[in-house]
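Raw start10.cif, mmCIF, C-alpha atoms:
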```cif
data_entry
loop_
_atom_site.group_PDB
_atom_site.id
_atom_site.type_symbol
_atom_site.label_atom_id
_atom_site.label_comp_id
_atom_site.auth_asym_id
_atom_site.auth_seq_id
_atom_site.Cartn_x
_atom_site.Cartn_y
_atom_site.Cartn_z
ATOM 1 C CA MET A 1 0.000 0.000 0.000
ATOM 2 C CA PRO A 2 1.300 3.404 -0.915
ATOM 3 C CA THR A 3 1.681 5.935 1.825
ATOM 4 C CA ASN A 4 0.494 8.790 -0.405
ATOM 5 C CA PRO A 5 -3.323 8.688 -0.320
ATOM 6 C CA GLY A 6 -3.837 10.600 -3.600
ATOM 7 C CA ALA A 7 -1.393 8.549 -5.664
ATOM 8 C CA VAL A 8 -3.577 5.491 -6.158
ATOM 9 C CA GLY A 9 -6.776 6.788 -7.656
ATOM 10 C CA GLY A 10 -5.566 9.676 -9.794
ATOM 11 C CA ASP A 11 -8.939 11.428 -9.303
ATOM 12 C CA ASP A 12 -7.364 14.304 -7.411
ATOM 13 C CA ASP A 13 -5.335 15.245 -10.471
ATOM 14 C CA GLY A 14 -8.457 15.536 -12.626
ATOM 15 C CA ASP A 15 -10.305 17.487 -9.942
ATOM 16 C CA ASP A 16 -7.389 19.896 -9.636
ATOM 17 C CA LYS A 17 -7.374 20.533 -13.384
ATOM 18 C CA GLU A 18 -11.132 21.114 -13.410
ATOM 19 C CA LYS A 19 -10.832 23.486 -10.464
ATOM 20 C CA GLU A 20 -7.983 25.347 -12.173
ATOM 21 C CA GLU A 21 -9.944 25.608 -15.441
ATOM 22 C CA GLU A 22 -13.014 26.852 -13.583
ATOM 23 C CA ALA A 23 -10.912 29.396 -11.683
ATOM 24 C CA GLU A 24 -9.356 30.559 -14.962
ATOM 25 C CA ARG A 25 -12.789 30.927 -16.594
ATOM 26 C CA GLU A 26 -14.010 32.935 -13.600
ATOM 27 C CA ARG A 27 -10.897 35.104 -13.729
ATOM 28 C CA GLN A 28 -11.335 35.740 -17.469
ATOM 29 C CA GLU A 29 -15.017 36.570 -16.917
ATOM 30 C CA ALA A 30 -14.113 38.996 -14.122
ATOM 31 C CA ILE A 31 -11.527 40.667 -16.362
ATOM 32 C CA ARG A 32 -14.066 40.964 -19.183
ATOM 33 C CA GLU A 33 -16.704 42.433 -16.875
ATOM 34 C CA ALA A 34 -14.216 44.918 -15.411
ATOM 35 C CA GLU A 35 -13.212 45.977 -18.923
ATOM 36 C CA GLU A 36 -16.860 46.454 -19.914
ATOM 37 C CA ARG A 37 -17.485 48.580 -16.801
ATOM 38 C CA ARG A 38 -14.398 50.649 -17.556
ATOM 39 C CA LYS A 39 -15.453 51.206 -21.172
ATOM 40 C CA GLU A 40 -18.961 52.180 -20.103
ATOM 41 C CA LYS A 41 -17.581 54.605 -17.521
ATOM 42 C CA HIS A 42 -15.316 56.238 -20.098
ATOM 43 C CA ARG A 43 -18.127 56.385 -22.661
ATOM 44 C CA LYS A 44 -20.331 58.229 -20.150
ATOM 45 C CA MET A 45 -17.509 60.609 -19.244
ATOM 46 C CA GLU A 46 -16.887 61.367 -22.927
ATOM 47 C CA GLU A 47 -20.604 61.994 -23.477
ATOM 48 C CA GLU A 48 -20.574 64.491 -20.595
ATOM 49 C CA ARG A 49 -17.480 66.191 -21.990
ATOM 50 C CA GLU A 50 -19.000 66.403 -25.443
ATOM 51 C CA LYS A 51 -22.157 67.899 -23.956
ATOM 52 C CA MET A 52 -20.040 70.570 -22.228
ATOM 53 C CA ARG A 53 -18.082 71.205 -25.431
ATOM 54 C CA GLN A 54 -21.299 71.615 -27.380
ATOM 55 C CA GLU A 55 -22.632 74.105 -24.806
ATOM 56 C CA ILE A 56 -19.432 76.143 -25.156
ATOM 57 C CA ARG A 57 -19.611 75.981 -28.971
ATOM 58 C CA ASP A 58 -23.235 77.134 -28.841
ATOM 59 C CA LYS A 59 -22.432 79.933 -26.414
ATOM 60 C CA TYR A 60 -19.581 81.330 -28.536
ATOM 61 C CA ASN A 61 -20.949 80.328 -31.966
ATOM 62 C CA ILE A 62 -18.030 78.051 -32.767
ATOM 63 C CA LYS A 63 -18.376 75.375 -35.439
ATOM 64 C CA LYS A 64 -17.525 71.839 -34.506
ATOM 65 C CA LYS A 65 -14.148 70.648 -35.836
ATOM 66 C CA GLU A 66 -15.763 67.694 -37.593
ATOM 67 C CA GLU A 67 -17.966 70.064 -39.591
ATOM 68 C CA ILE A 68 -14.954 72.097 -40.644
ATOM 69 C CA GLN A 69 -13.018 68.971 -41.600
ATOM 70 C CA GLU A 70 -15.948 67.660 -43.642
ATOM 71 C CA ILE A 71 -15.923 70.827 -45.707
ATOM 72 C CA GLN A 72 -12.183 70.536 -46.298
ATOM 73 C CA GLN A 73 -12.374 66.821 -46.938
ATOM 74 C CA GLU A 74 -14.545 67.151 -50.025
ATOM 75 C CA GLU A 75 -11.357 66.718 -52.036
ATOM 76 C CA PRO A 76 -11.111 63.174 -53.342
ATOM 77 C CA ASN A 77 -9.078 60.827 -51.237
ATOM 78 C CA PRO A 78 -5.965 59.827 -53.233
ATOM 79 C CA LEU A 79 -6.164 56.319 -51.831
ATOM 80 C CA MET A 80 -9.729 55.900 -53.101
ATOM 81 C CA ARG A 81 -9.114 57.148 -56.633
ATOM 82 C CA LYS A 82 -9.927 55.097 -59.709
ATOM 83 C CA LYS A 83 -7.123 52.829 -60.826
ATOM 84 C CA LYS A 84 -5.504 53.810 -64.103
ATOM 85 C CA THR A 85 -5.502 51.503 -67.069
ATOM 86 C CA PRO A 86 -2.205 50.374 -68.597
ATOM 87 C CA GLU A 87 -2.891 52.645 -71.581
ATOM 88 C CA GLU A 88 -3.275 55.667 -69.300
ATOM 89 C CA LEU A 89 -0.088 54.792 -67.455
ATOM 90 C CA GLU A 90 1.780 54.439 -70.756
ATOM 91 C CA ARG A 91 0.476 57.800 -71.989
ATOM 92 C CA GLU A 92 1.593 59.471 -68.766
ATOM 93 C CA ALA A 93 5.041 57.873 -69.011
ATOM 94 C CA ASN A 94 5.376 59.045 -72.605
ATOM 95 C CA ALA A 95 4.279 62.558 -71.645
ATOM 96 C CA GLU A 96 6.880 62.629 -68.864
ATOM 97 C CA GLU A 97 9.562 61.415 -71.269
ATOM 98 C CA GLU A 98 8.526 64.073 -73.778
ATOM 99 C CA ASP A 99 8.654 66.684 -71.042
ATOM 100 C CA GLU A 100 12.170 65.601 -70.088
ATOM 101 C CA PHE A 101 13.188 65.506 -73.740
ATOM 102 C CA THR A 102 11.729 68.962 -74.332
ATOM 103 C CA LYS A 103 13.521 70.356 -71.294
ATOM 104 C CA LEU A 104 16.806 68.843 -72.449
ATOM 105 C CA LYS A 105 16.276 70.136 -75.979
ATOM 106 C CA ASN A 106 15.546 73.649 -74.705
ATOM 107 C CA THR A 107 18.627 73.716 -72.490
ATOM 108 C CA ILE A 108 20.841 72.543 -75.360
ATOM 109 C CA GLU A 109 19.353 75.151 -77.707
ATOM 110 C CA THR A 110 19.913 77.847 -75.090
ATOM 111 C CA GLN A 111 23.522 76.815 -74.596
ATOM 112 C CA VAL A 112 24.131 76.697 -78.343
ATOM 113 C CA SER A 113 22.664 80.151 -78.828
ATOM 114 C CA GLU A 114 24.775 81.512 -75.954
ATOM 115 C CA LEU A 115 27.918 79.968 -77.466
ATOM 116 C CA LYS A 116 27.018 81.344 -80.862
ATOM 117 C CA SER A 117 26.525 84.865 -79.510
ATOM 118 C CA THR A 118 29.786 84.612 -77.530
ATOM 119 C CA ILE A 119 31.705 83.501 -80.614
ATOM 120 C CA GLU A 120 30.121 86.198 -82.779
ATOM 121 C CA SER A 121 31.003 88.869 -80.250
ATOM 122 C CA LYS A 122 34.625 87.738 -80.170
ATOM 123 C CA CYS A 123 34.953 87.325 -83.927
ATOM 124 C CA VAL A 124 34.232 90.674 -85.452
ATOM 125 C CA LEU A 125 34.494 90.879 -89.245
ATOM 126 C CA GLN A 126 36.852 93.580 -90.443
#
```

Mind turning this structure into structure tokens?
Amino acid sequence: MPTNPGAVGGDDDGDDKEKEEEAERERQEAIREAEERRKEKHRKMEEEREKMRQEIRDKYNIKKKEEIQEIQQEEPNPLMRKKKTPEELEREANAEEEDEFTKLKNTIETQVSELKSTIESKCVLQ
């Protein structure tokens, strides 16, 4: 016969696990309830603050920031714009290349004309 009374049956081990699981469930439930109470408390406090803010806005005829932002936000959101087709992207790339080419061409023409005028000023026909 073993001297340890709980070693034979093994029931105590199962009971301990069940008790631990139950305690953990109760702890999780208590945490969840505390979090809900906290959120509700903060929601009520924010409602009271907003009520006070609104009274101040009404008293001094101040528009709410959200209203001002809505007016400014009528611009289209760049993230929500329509996707461009491959043809549109190609046209834009070509236009950019043409712009770069035109800029380069203009700078070269300007430099050539400056050189030409410099040479003409130095070489005077006699």

Suppose you want the space between atom CA of Lys122 of chain A and atom CA of Thr110 of chain A; what is it in Å?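 Answer for the atom CA of Lys122 of chain A to atom CA of Thr110 of chain A separation: 18.4 Å.
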
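Across the structure, atom CA of Ala93 of chain A and atom CA of Glu109 of chain A are spaced 24.1 Å apart.
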
Tell me, in Å to one decimal, how far atom CA of Asp16 of chain A is from atom CA of Arg32 of chain A.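 For atom CA of Asp16 of chain A relative to atom CA of Arg32 of chain A, the distance reads 24.1 Å.
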
Which residues, written as an NGL selection string, have at least one atom at most 10 Å from segment 46-53 of chain A, with only C-alpha atoms counted and residues fewer than 6 positions away on the same chain left out? :A and (40 or 59 or 64)
